[in-house]
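What follows is final_29.cif (mmCIF, C-alpha atoms and all ligand atoms).
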data_data
loop_
_atom_site.label_atom_id
_atom_site.label_comp_id
_atom_site.auth_asym_id
_atom_site.auth_seq_id
_atom_site.Cartn_x
_atom_site.Cartn_y
_atom_site.Cartn_z
CA MET A 10 2.31 -23.98 -20.56
CA SER A 11 0.58 -25.67 -17.63
CA SER A 12 1.38 -24.42 -14.11
CA PRO A 13 3.98 -26.44 -12.15
CA PRO A 14 2.74 -29.04 -9.63
CA ILE A 15 2.02 -27.61 -6.18
CA GLU A 16 5.06 -29.35 -4.61
CA ALA A 17 7.33 -27.53 -7.08
CA ARG A 18 5.78 -24.09 -6.52
CA GLN A 19 7.38 -21.87 -3.94
CA ALA A 20 5.03 -20.00 -1.65
CA ARG A 21 5.45 -16.26 -1.71
CA LEU A 22 4.01 -13.44 0.33
CA THR A 23 4.26 -10.07 -1.43
CA GLY A 24 3.43 -6.76 0.22
CA VAL A 25 1.99 -4.51 -2.45
CA GLY A 26 1.83 -0.76 -1.84
CA VAL A 27 -1.29 0.70 -3.47
CA GLY A 28 -0.63 4.39 -2.82
CA PRO A 29 -2.49 6.65 -0.41
CA GLY A 30 -6.03 6.34 -1.77
CA ASP A 31 -6.49 7.64 -5.29
CA PRO A 32 -6.65 4.58 -7.60
CA GLU A 33 -4.69 6.54 -10.22
CA LEU A 34 -1.71 6.42 -7.86
CA ILE A 35 -1.41 2.64 -7.84
CA THR A 36 1.61 1.70 -9.95
CA ALA A 37 1.61 -0.43 -13.10
CA ARG A 38 3.83 -2.95 -11.30
CA ALA A 39 1.46 -3.18 -8.35
CA LEU A 40 -1.48 -3.89 -10.66
CA ARG A 41 0.49 -6.49 -12.61
CA VAL A 42 1.57 -8.31 -9.44
CA LEU A 43 -2.00 -8.25 -8.08
CA ARG A 44 -3.37 -9.65 -11.34
CA GLN A 45 -0.73 -12.41 -11.45
CA ALA A 46 -0.99 -13.44 -7.77
CA ASP A 47 -2.93 -16.58 -6.86
CA ARG A 48 -4.70 -14.68 -4.11
CA VAL A 49 -5.04 -11.01 -3.22
CA VAL A 50 -5.70 -10.29 0.45
CA ALA A 51 -6.46 -7.00 2.18
CA PRO A 52 -6.51 -6.07 5.87
CA ALA A 53 -9.97 -5.51 7.33
CA VAL A 54 -11.32 -4.78 10.80
CA ALA A 55 -14.16 -7.25 10.20
CA ALA A 56 -15.02 -9.84 7.57
CA ASP A 57 -17.96 -7.73 6.34
CA THR A 58 -16.09 -4.42 6.25
CA GLU A 59 -14.09 -3.14 3.30
CA GLY A 60 -10.71 -1.77 4.32
CA ARG A 61 -9.09 1.26 2.71
CA ALA A 62 -6.41 -0.60 0.76
CA GLU A 63 -9.11 -2.93 -0.56
CA SER A 64 -11.20 0.06 -1.67
CA VAL A 65 -8.23 1.41 -3.66
CA VAL A 66 -7.75 -1.94 -5.42
CA ARG A 67 -11.45 -2.35 -6.19
CA ARG A 68 -11.59 1.11 -7.75
CA ALA A 69 -8.38 0.47 -9.74
CA ASP A 70 -9.55 -2.93 -11.02
CA PRO A 71 -13.14 -3.91 -10.20
CA ASP A 72 -12.56 -7.41 -11.67
CA LEU A 73 -9.87 -8.37 -9.16
CA ALA A 74 -11.03 -10.74 -6.40
CA VAL A 75 -9.91 -9.39 -3.02
CA HIS A 76 -10.15 -11.54 0.13
CA ARG A 77 -10.22 -10.00 3.59
CA VAL A 78 -7.92 -10.94 6.40
CA VAL A 79 -9.15 -9.64 9.73
CA PHE A 80 -6.87 -7.71 12.06
CA ALA A 81 -8.10 -6.69 15.49
CA MET A 82 -7.92 -2.90 15.84
CA VAL A 83 -5.37 -2.57 18.63
CA PRO A 84 -3.44 0.68 18.94
CA PRO A 85 0.33 0.24 18.68
CA THR A 86 0.76 1.85 22.11
CA HIS A 87 0.57 -0.34 25.22
CA ASP A 88 -0.71 -0.09 28.73
CA GLY A 89 1.56 -0.51 31.77
CA ALA A 90 1.19 -4.29 31.60
CA GLY A 91 2.14 -4.41 27.93
CA ASN A 92 -1.30 -5.71 27.01
CA GLY A 93 -1.54 -3.62 23.85
CA HIS A 94 1.61 -5.21 22.44
CA THR A 95 0.35 -8.70 23.29
CA ALA A 96 -3.05 -8.12 21.71
CA ARG A 97 -1.46 -6.70 18.56
CA ALA A 98 0.95 -9.63 18.32
CA GLN A 99 -2.00 -12.03 18.70
CA SER A 100 -3.89 -10.17 15.99
CA HIS A 101 -0.94 -10.39 13.59
CA ARG A 102 -0.41 -14.07 14.43
CA GLY A 103 -4.10 -14.74 13.73
CA ALA A 104 -3.85 -12.97 10.37
CA ALA A 105 -0.68 -14.90 9.46
CA GLN A 106 -2.37 -18.17 10.45
CA ALA A 107 -5.32 -17.36 8.19
CA LEU A 108 -2.91 -17.19 5.23
CA LEU A 109 -1.11 -20.47 5.99
CA PRO A 110 -3.47 -22.78 4.06
CA TYR A 111 -2.74 -20.81 0.86
CA LEU A 112 0.98 -20.42 1.49
CA ASP A 113 1.33 -24.09 2.42
CA ALA A 114 -0.36 -24.95 -0.89
CA GLY A 115 2.44 -23.04 -2.65
CA GLU A 116 0.36 -20.00 -3.56
CA HIS A 117 1.63 -16.53 -4.29
CA VAL A 118 -0.32 -14.37 -1.85
CA ALA A 119 -0.33 -10.60 -2.42
CA PHE A 120 -1.16 -8.44 0.60
CA VAL A 121 -2.26 -4.91 -0.22
CA THR A 122 -1.35 -2.00 2.00
CA LEU A 123 -1.76 1.79 1.83
CA GLY A 124 1.22 3.80 0.65
CA ASP A 125 4.46 1.83 0.72
CA PRO A 126 4.78 -1.61 2.34
CA ASN A 127 8.15 -0.81 3.92
CA VAL A 128 7.12 2.35 5.75
CA TYR A 129 4.95 2.10 8.88
CA SER A 130 2.99 -0.74 7.35
CA THR A 131 1.02 -3.62 8.85
CA PHE A 132 2.86 -5.72 6.30
CA SER A 133 6.10 -5.80 8.36
CA SER A 134 4.23 -7.11 11.41
CA LEU A 135 2.42 -9.65 9.27
CA VAL A 136 5.76 -10.83 7.84
CA ALA A 137 7.25 -11.19 11.34
CA ALA A 138 4.26 -13.31 12.41
CA ALA A 139 4.31 -15.39 9.21
CA ARG A 140 8.07 -16.00 9.46
CA ALA A 141 7.63 -17.19 13.06
CA LEU A 142 5.32 -19.86 11.66
CA ARG A 143 7.15 -20.54 8.38
CA PRO A 144 10.79 -19.36 8.74
CA THR A 145 11.76 -19.96 5.10
CA LEU A 146 8.78 -18.17 3.59
CA ARG A 147 9.77 -16.04 0.58
CA ILE A 148 8.88 -12.37 1.05
CA GLU A 149 8.81 -9.61 -1.55
CA THR A 150 7.51 -6.06 -1.69
CA VAL A 151 6.26 -3.74 -4.40
CA PRO A 152 6.83 -0.06 -3.55
CA GLY A 153 3.94 2.36 -3.41
CA ILE A 154 3.51 6.13 -3.62
CA MET A 155 3.29 7.59 -0.14
CA ALA A 156 0.76 10.03 1.27
CA PHE A 157 3.30 12.81 1.78
CA GLN A 158 4.26 12.71 -1.90
CA ASP A 159 0.63 12.97 -2.94
CA LEU A 160 0.12 15.83 -0.48
CA ALA A 161 3.18 17.75 -1.69
CA ALA A 162 1.93 17.44 -5.27
CA ARG A 163 -1.63 18.53 -4.46
CA ALA A 164 -0.46 21.47 -2.34
CA ALA A 165 2.17 22.50 -4.92
CA THR A 166 4.83 22.26 -2.21
CA VAL A 167 8.47 21.60 -3.07
CA LEU A 168 9.48 19.44 -0.14
CA LEU A 169 13.25 19.25 -0.75
CA ASP A 170 15.69 21.11 -2.94
CA GLY A 171 19.48 21.02 -3.32
CA THR A 172 21.02 19.52 -0.18
CA GLU A 173 18.01 20.00 2.10
CA GLU A 174 17.16 17.15 4.46
CA LEU A 175 13.92 15.49 5.45
CA THR A 176 12.74 13.94 8.70
CA LEU A 177 9.63 11.76 8.78
CA VAL A 178 8.14 11.58 12.27
CA ALA A 179 5.22 9.66 13.72
CA ALA A 180 3.05 11.60 16.17
CA LEU A 181 0.80 8.80 17.36
CA ASP A 182 1.75 9.28 21.02
CA GLY A 183 2.42 13.03 20.90
CA ILE A 184 4.76 15.60 19.42
CA ALA A 185 8.13 14.78 21.07
CA ALA A 186 9.69 13.58 17.80
CA LEU A 187 8.33 16.64 15.98
CA GLU A 188 9.88 18.94 18.60
CA ARG A 189 13.25 17.22 18.10
CA ALA A 190 13.02 17.65 14.32
CA LEU A 191 12.05 21.32 14.73
CA ALA A 192 15.36 21.98 16.52
CA ASP A 193 16.88 22.16 13.02
CA PRO A 194 15.18 25.01 11.13
CA GLU A 195 16.68 23.88 7.81
CA ARG A 196 15.03 20.48 7.90
CA ALA A 197 11.84 19.61 6.04
CA ILE A 198 9.46 17.56 8.19
CA VAL A 199 6.68 15.12 7.39
CA VAL A 200 4.34 14.21 10.24
CA TYR A 201 2.50 10.90 10.02
CA LYS A 202 -0.09 9.49 12.45
CA GLY A 203 -0.72 12.93 13.96
CA GLY A 204 -4.47 13.31 13.36
CA LYS A 205 -5.53 13.45 16.98
CA HIS A 206 -2.63 15.74 17.92
CA LEU A 207 -3.20 18.31 15.19
CA PRO A 208 -3.77 21.27 17.57
CA ALA A 209 -0.51 20.45 19.40
CA ILE A 210 1.31 20.06 16.06
CA THR A 211 -0.03 23.43 14.88
CA SER A 212 1.08 25.12 18.13
CA ALA A 213 4.56 23.57 17.99
CA LEU A 214 5.02 24.76 14.40
CA ALA A 215 3.80 28.25 15.33
CA ARG A 216 6.23 28.43 18.26
CA ALA A 217 9.08 27.41 15.94
CA GLY A 218 8.00 29.94 13.28
CA ARG A 219 7.31 27.08 10.84
CA LEU A 220 3.54 27.30 10.41
CA GLU A 221 3.80 29.33 7.24
CA GLY A 222 3.93 26.89 4.31
CA ALA A 223 2.83 23.85 6.36
CA VAL A 224 0.09 21.84 4.65
CA MET A 225 -2.23 19.09 5.85
CA GLY A 226 -3.87 16.29 3.88
CA GLU A 227 -6.54 14.11 5.41
CA LEU A 228 -7.95 10.95 3.79
CA LEU A 229 -6.14 11.70 0.52
CA GLY A 230 -7.93 10.05 -2.38
CA LEU A 231 -10.60 8.66 -0.05
CA PRO A 232 -14.08 9.78 0.99
CA GLY A 233 -13.83 12.79 3.33
CA GLU A 234 -10.59 14.08 1.77
CA ARG A 235 -9.34 17.50 2.89
CA VAL A 236 -6.22 19.28 1.71
CA GLY A 237 -5.15 22.73 2.81
CA ARG A 238 -2.84 25.01 4.70
CA LEU A 239 -2.47 23.83 8.27
CA THR A 240 -3.57 27.25 9.53
CA ASP A 241 -6.93 26.82 7.79
CA VAL A 242 -7.66 23.28 8.97
CA PRO A 243 -9.09 23.77 12.46
CA ALA A 244 -11.43 26.49 11.19
CA SER A 245 -12.79 24.42 8.33
CA GLY A 246 -12.78 21.13 10.21
CA GLU A 247 -15.92 19.39 11.33
CA GLY A 248 -15.36 16.66 13.85
CA PRO A 249 -12.03 15.10 14.81
CA VAL A 250 -9.24 14.74 12.28
CA SER A 251 -8.79 11.20 10.96
CA TYR A 252 -5.85 8.95 11.80
CA LEU A 253 -5.13 9.15 8.06
CA ALA A 254 -3.76 12.68 8.21
CA THR A 255 -0.35 13.89 7.02
CA VAL A 256 1.41 17.20 7.60
CA VAL A 257 4.20 18.47 5.36
CA VAL A 258 6.50 21.25 6.63
CA PRO A 259 8.99 22.67 4.10
CA PRO A 260 12.45 23.83 5.30
CA GLY A 261 12.20 27.00 7.38
CA SER A 262 14.75 29.25 5.76
CA ARG A 263 13.80 28.81 2.12
CA GLY A 264 12.93 32.02 0.30
CA ARG A 265 14.03 34.23 3.20
C1 LIG B 301 0.18 3.19 9.34
S1 LIG B 301 0.83 4.59 8.47
C2 LIG B 301 0.84 3.95 6.83
C3 LIG B 301 1.87 4.60 5.99
C4 LIG B 301 1.93 4.03 4.59
N1 LIG B 301 2.51 2.70 4.60
C5 LIG B 301 2.72 4.94 3.64
O1 LIG B 301 3.70 4.50 3.09
O2 LIG B 301 2.33 6.11 3.44
C6 LIG B 301 -0.56 5.63 8.46
C7 LIG B 301 -0.19 7.07 8.27
O3 LIG B 301 0.13 7.30 6.90
C8 LIG B 301 -0.39 8.55 6.48
N2 LIG B 301 -1.39 8.28 5.42
C9 LIG B 301 -1.55 7.12 4.76
N3 LIG B 301 -2.53 7.22 3.85
C10 LIG B 301 -2.99 8.48 3.94
C11 LIG B 301 -4.02 9.20 3.24
N4 LIG B 301 -4.76 8.61 2.29
N5 LIG B 301 -4.22 10.50 3.56
C12 LIG B 301 -3.47 11.10 4.49
N6 LIG B 301 -2.50 10.47 5.19
C13 LIG B 301 -2.26 9.17 4.93
C14 LIG B 301 -1.03 9.19 7.70
O4 LIG B 301 -0.08 10.02 8.33
C15 LIG B 301 -1.35 7.99 8.56
O5 LIG B 301 -1.44 8.32 9.94
#
Take the structure from the file and write it as C-alpha cells.
Amino acid sequence: MSSPPIEARQARLTGVGVGPGDPELITARALRVLRQADRVVAPAVAADTEGRAESVVRRADPDLAVHRVVFAMVPPTHDGAGNGHTARAQSHRGAAQALLPYLDAGEHVAFVTLGDPNVYSTFSSLVAAARALRPTLRIETVPGIMAFQDLAARAATVLLDGTEELTLVAALDGIAALERALADPERAIVVYKGGKHLPAITSALARAGRLEGAVMGELLGLPGERVGRLTDVPASGEGPVSYLATVVVPPGSRGR
C-alpha cells in the first residue's frame, strides 16, 4: 500500500524513552517506533557531538539514521534576573523550531531521551515549546526503563516490598528535598541529579542512619560506569561525580 498524501498525514511527535544507557534496556516497542518513524532525532549539545540517548540508539540499532537537534546547555536553575529560565526557554524554542519543517510536512518525528520521557525529561520542555508553535500537534510517548530500576537490579537491592512507599527527589540545587524525605524512616528514596552534591547526600544519609544499604550508580550502561555502595564511592572515585548519577536508599527499618 502506498503511503497517504502529505496533506492527509497527521504530524506526530513521539518521545521515546531508551533506558538509562545499556542498549539491552531499550524496549521492543521503543525500537519498533524508532524504526517506523519518518525521522529519529536526538538531543545534542552541538551538531558534531553525539548525545547519550543517541549513543544508546546507535548501539541498539546501528542502521537507524539519527539526526541531532541542538539544545544549549543551560542549567535548569536561574540567576536573580531569571536569565537561566529565559535561556533554557529559548533553547527549547530553537529545538522545536528546528523540527517544524518535518512536522509541517506531516512527518512522524521520534525524539529519543534517556530513561523515561515523562520523568525529568527534556521531552516535556520540547513539547511545551512545540505546542506553543503548533497547538494541535499530536504528542505520544513510549515509556523507558529508568536509571533507578537498572541500579536496583545491578546492586541486587529490593527497593520496595509490601506496602512500603517511595519518594523520588531531585538534588540538583541541594539536599533539601532529600532531608524532607528522610523525615520518614520507612520510606525508600531515589535521588536523581545529585552528582555534584554526593558528599552532602552521603552525610545526610549517615546522620539519618540510612547510609547502610544505600547504593550509587553513575553513568549506568555508558562509558565511565560505576556502581557500588555509597560508602565506597568517594574512596574509589577519581574526579567529580557525573550529573548522571543516581542514589537508591531502601526503607530504613527493613530487616531490623
Ligand atoms: C534529566 S534526568 C533524566 C531522567 C530520565 N528521564 C529517567 O527517566 O531516568 C537525569 C537524571 O537521571 C538519572 N540518570 C539518567 N540516566 C542515568 C544513568 N545512565 N546513570 C545514572 N543515572 C542516570 C540521574 O540521576 C540524572 O541526574
Residues of chain A within 9 Å of ligand LIG 301 (chain B): nearest atom pair and distance (Å, one decimal) for each, counting all atoms listed in the file, sorted by chain and number, as JSON lines?
{"residue": "A:Gly26", "atom": "CA", "partner": "B:LIG301", "partner_atom": "N1", "distance": 7.3}
{"residue": "A:Gly28", "atom": "CA", "partner": "B:LIG301", "partner_atom": "O2", "distance": 7.1}
{"residue": "A:Pro29", "atom": "CA", "partner": "B:LIG301", "partner_atom": "N4", "distance": 4.0}
{"residue": "A:Gly30", "atom": "CA", "partner": "B:LIG301", "partner_atom": "N4", "distance": 4.8}
{"residue": "A:Asp31", "atom": "CA", "partner": "B:LIG301", "partner_atom": "N4", "distance": 7.8}
{"residue": "A:Arg61", "atom": "CA", "partner": "B:LIG301", "partner_atom": "N4", "distance": 8.5}
{"residue": "A:Thr122", "atom": "CA", "partner": "B:LIG301", "partner_atom": "N1", "distance": 6.6}
{"residue": "A:Leu123", "atom": "CA", "partner": "B:LIG301", "partner_atom": "C4", "distance": 5.1}
{"residue": "A:Gly124", "atom": "CA", "partner": "B:LIG301", "partner_atom": "C5", "distance": 3.5}
{"residue": "A:Asp125", "atom": "CA", "partner": "B:LIG301", "partner_atom": "O1", "distance": 3.7}
{"residue": "A:Pro126", "atom": "CA", "partner": "B:LIG301", "partner_atom": "N1", "distance": 5.4}
{"residue": "A:Asn127", "atom": "CA", "partner": "B:LIG301", "partner_atom": "N1", "distance": 6.7}
{"residue": "A:Val128", "atom": "CA", "partner": "B:LIG301", "partner_atom": "N1", "distance": 4.8}
{"residue": "A:Tyr129", "atom": "CA", "partner": "B:LIG301", "partner_atom": "S1", "distance": 4.8}
{"residue": "A:Ser130", "atom": "CA", "partner": "B:LIG301", "partner_atom": "N1", "distance": 4.4}
{"residue": "A:Thr131", "atom": "CA", "partner": "B:LIG301", "partner_atom": "C1", "distance": 6.9}
{"residue": "A:Phe132", "atom": "CA", "partner": "B:LIG301", "partner_atom": "N1", "distance": 8.6}
{"residue": "A:Pro152", "atom": "CA", "partner": "B:LIG301", "partner_atom": "O1", "distance": 8.6}
{"residue": "A:Gly153", "atom": "CA", "partner": "B:LIG301", "partner_atom": "O1", "distance": 6.8}
{"residue": "A:Ile154", "atom": "CA", "partner": "B:LIG301", "partner_atom": "O1", "distance": 6.9}
{"residue": "A:Met155", "atom": "CA", "partner": "B:LIG301", "partner_atom": "O2", "distance": 4.0}
{"residue": "A:Ala156", "atom": "CA", "partner": "B:LIG301", "partner_atom": "O2", "distance": 4.7}
{"residue": "A:Phe157", "atom": "CA", "partner": "B:LIG301", "partner_atom": "O2", "distance": 7.0}
{"residue": "A:Gln158", "atom": "CA", "partner": "B:LIG301", "partner_atom": "O2", "distance": 8.7}
{"residue": "A:Asp159", "atom": "CA", "partner": "B:LIG301", "partner_atom": "N5", "distance": 8.5}
{"residue": "A:Leu160", "atom": "CA", "partner": "B:LIG301", "partner_atom": "C12", "distance": 7.7}
{"residue": "A:Ala179", "atom": "CA", "partner": "B:LIG301", "partner_atom": "O4", "distance": 7.6}
{"residue": "A:Ala180", "atom": "CA", "partner": "B:LIG301", "partner_atom": "O5", "distance": 8.4}
{"residue": "A:Leu181", "atom": "CA", "partner": "B:LIG301", "partner_atom": "O5", "distance": 7.8}
{"residue": "A:Val199", "atom": "CA", "partner": "B:LIG301", "partner_atom": "O4", "distance": 8.5}
{"residue": "A:Val200", "atom": "CA", "partner": "B:LIG301", "partner_atom": "O4", "distance": 6.4}
{"residue": "A:Tyr201", "atom": "CA", "partner": "B:LIG301", "partner_atom": "O4", "distance": 3.2}
{"residue": "A:Lys202", "atom": "CA", "partner": "B:LIG301", "partner_atom": "O5", "distance": 3.1}
{"residue": "A:Gly203", "atom": "CA", "partner": "B:LIG301", "partner_atom": "O5", "distance": 6.2}
{"residue": "A:Gly204", "atom": "CA", "partner": "B:LIG301", "partner_atom": "O5", "distance": 6.8}
{"residue": "A:Met225", "atom": "CA", "partner": "B:LIG301", "partner_atom": "C12", "distance": 8.2}
{"residue": "A:Gly226", "atom": "CA", "partner": "B:LIG301", "partner_atom": "C12", "distance": 5.2}
{"residue": "A:Glu227", "atom": "CA", "partner": "B:LIG301", "partner_atom": "C12", "distance": 4.4}
{"residue": "A:Leu228", "atom": "CA", "partner": "B:LIG301", "partner_atom": "N5", "distance": 3.8}
{"residue": "A:Leu229", "atom": "CA", "partner": "B:LIG301", "partner_atom": "N5", "distance": 3.8}
{"residue": "A:Gly230", "atom": "CA", "partner": "B:LIG301", "partner_atom": "N4", "distance": 5.8}
{"residue": "A:Leu231", "atom": "CA", "partner": "B:LIG301", "partner_atom": "N4", "distance": 6.3}
{"residue": "A:Glu234", "atom": "CA", "partner": "B:LIG301", "partner_atom": "N5", "distance": 7.5}
{"residue": "A:Arg235", "atom": "CA", "partner": "B:LIG301", "partner_atom": "N5", "distance": 8.7}
{"residue": "A:Ser251", "atom": "CA", "partner": "B:LIG301", "partner_atom": "O5", "distance": 8.0}
{"residue": "A:Tyr252", "atom": "CA", "partner": "B:LIG301", "partner_atom": "O5", "distance": 4.8}
{"residue": "A:Leu253", "atom": "CA", "partner": "B:LIG301", "partner_atom": "C15", "distance": 4.0}
{"residue": "A:Ala254", "atom": "CA", "partner": "B:LIG301", "partner_atom": "N6", "distance": 3.9}
{"residue": "A:Thr255", "atom": "CA", "partner": "B:LIG301", "partner_atom": "O4", "distance": 4.1}
{"residue": "A:Val256", "atom": "CA", "partner": "B:LIG301", "partner_atom": "O4", "distance": 7.4}
Between CA of Ala51 (chain A) and CA of Tyr111 (chain A), what is the distance, to one decimal in Å?
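Computed distance, CA of Ala51 (chain A) to CA of Tyr111 (chain A), equals 14.4 Å.
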Please, what distance in Å, to one decimal, runs between CA of Arg21 (chain A) and CA of Asp57 (chain A)?
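Pair CA of Arg21 (chain A) / CA of Asp57 (chain A) returns 26.2 Å.
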Between CA of Ile35 (chain A) and CA of Thr58 (chain A) lies a distance of 21.5 Å
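Taking only C-alpha atoms into account, the polymer residues that have an atom no farther than 9 Å from (12.2, 19.9, 6.6) are Leu168, Leu169, Glu173, Glu174, Leu175, Thr176, Leu177, Ala190, Leu191, Asp193, Pro194, Glu195, Arg196, Ala197, Ile198, Val199, Val257, Val258, Pro259, Pro260 and Gly261 of chain A.
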So that I have them on file, write out the residues from the current selection with C-alpha atoms, as a PDB file, in the coordinates of the input.
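Below is the file again.pdb, written as the result:
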ATOM      1  CA  LEU A 168       9.480  19.440  -0.140  1.00  0.00           C
ATOM      2  CA  LEU A 169      13.250  19.250  -0.750  1.00  0.00           C
ATOM      3  CA  GLU A 173      18.010  20.000   2.100  1.00  0.00           C
ATOM      4  CA  GLU A 174      17.160  17.150   4.460  1.00  0.00           C
ATOM      5  CA  LEU A 175      13.920  15.490   5.450  1.00  0.00           C
ATOM      6  CA  THR A 176      12.740  13.940   8.700  1.00  0.00           C
ATOM      7  CA  LEU A 177       9.630  11.760   8.780  1.00  0.00           C
ATOM      8  CA  ALA A 190      13.020  17.650  14.320  1.00  0.00           C
ATOM      9  CA  LEU A 191      12.050  21.320  14.730  1.00  0.00           C
ATOM     10  CA  ASP A 193      16.880  22.160  13.020  1.00  0.00           C
ATOM     11  CA  PRO A 194      15.180  25.010  11.130  1.00  0.00           C
ATOM     12  CA  GLU A 195      16.680  23.880   7.810  1.00  0.00           C
ATOM     13  CA  ARG A 196      15.030  20.480   7.900  1.00  0.00           C
ATOM     14  CA  ALA A 197      11.840  19.610   6.040  1.00  0.00           C
ATOM     15  CA  ILE A 198       9.460  17.560   8.190  1.00  0.00           C
ATOM     16  CA  VAL A 199       6.680  15.120   7.390  1.00  0.00           C
ATOM     17  CA  VAL A 257       4.200  18.470   5.360  1.00  0.00           C
ATOM     18  CA  VAL A 258       6.500  21.250   6.630  1.00  0.00           C
ATOM     19  CA  PRO A 259       8.990  22.670   4.100  1.00  0.00           C
ATOM     20  CA  PRO A 260      12.450  23.830   5.300  1.00  0.00           C
ATOM     21  CA  GLY A 261      12.200  27.000   7.380  1.00  0.00           C
TER      22      GLY A 261
END
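The smallest atom-to-atom distance between Gly218 (chain A) and any of A:Ala96, A:Ala139, A:Leu43, A:Ala192, using all atoms listed in the file, is found for A:Ala192.
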Shell around Ser100 (chain A) at 10 Å using only C-alpha atoms, local window under 3 positions removed, as a list in words:
Val79, Phe80, Ala81, Met82, Val83, His94, Thr95, Ala96, Arg97, Gly103, Ala104, Ala105, Gln106, Ser134, Leu135 and Ala138 of chain A
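Restricting the calculation to only C-alpha atoms, the smallest distance between Ala185 (chain A) and any of A:Ala141, A:Gln19, A:Ala223, A:His206 is found for A:His206.
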Could you tell me which of A:Val250, A:Ala186, A:Leu112, A:Ala165 comes closest to Arg238 (chain A) if we count all atoms listed in the file?
A:Ala165
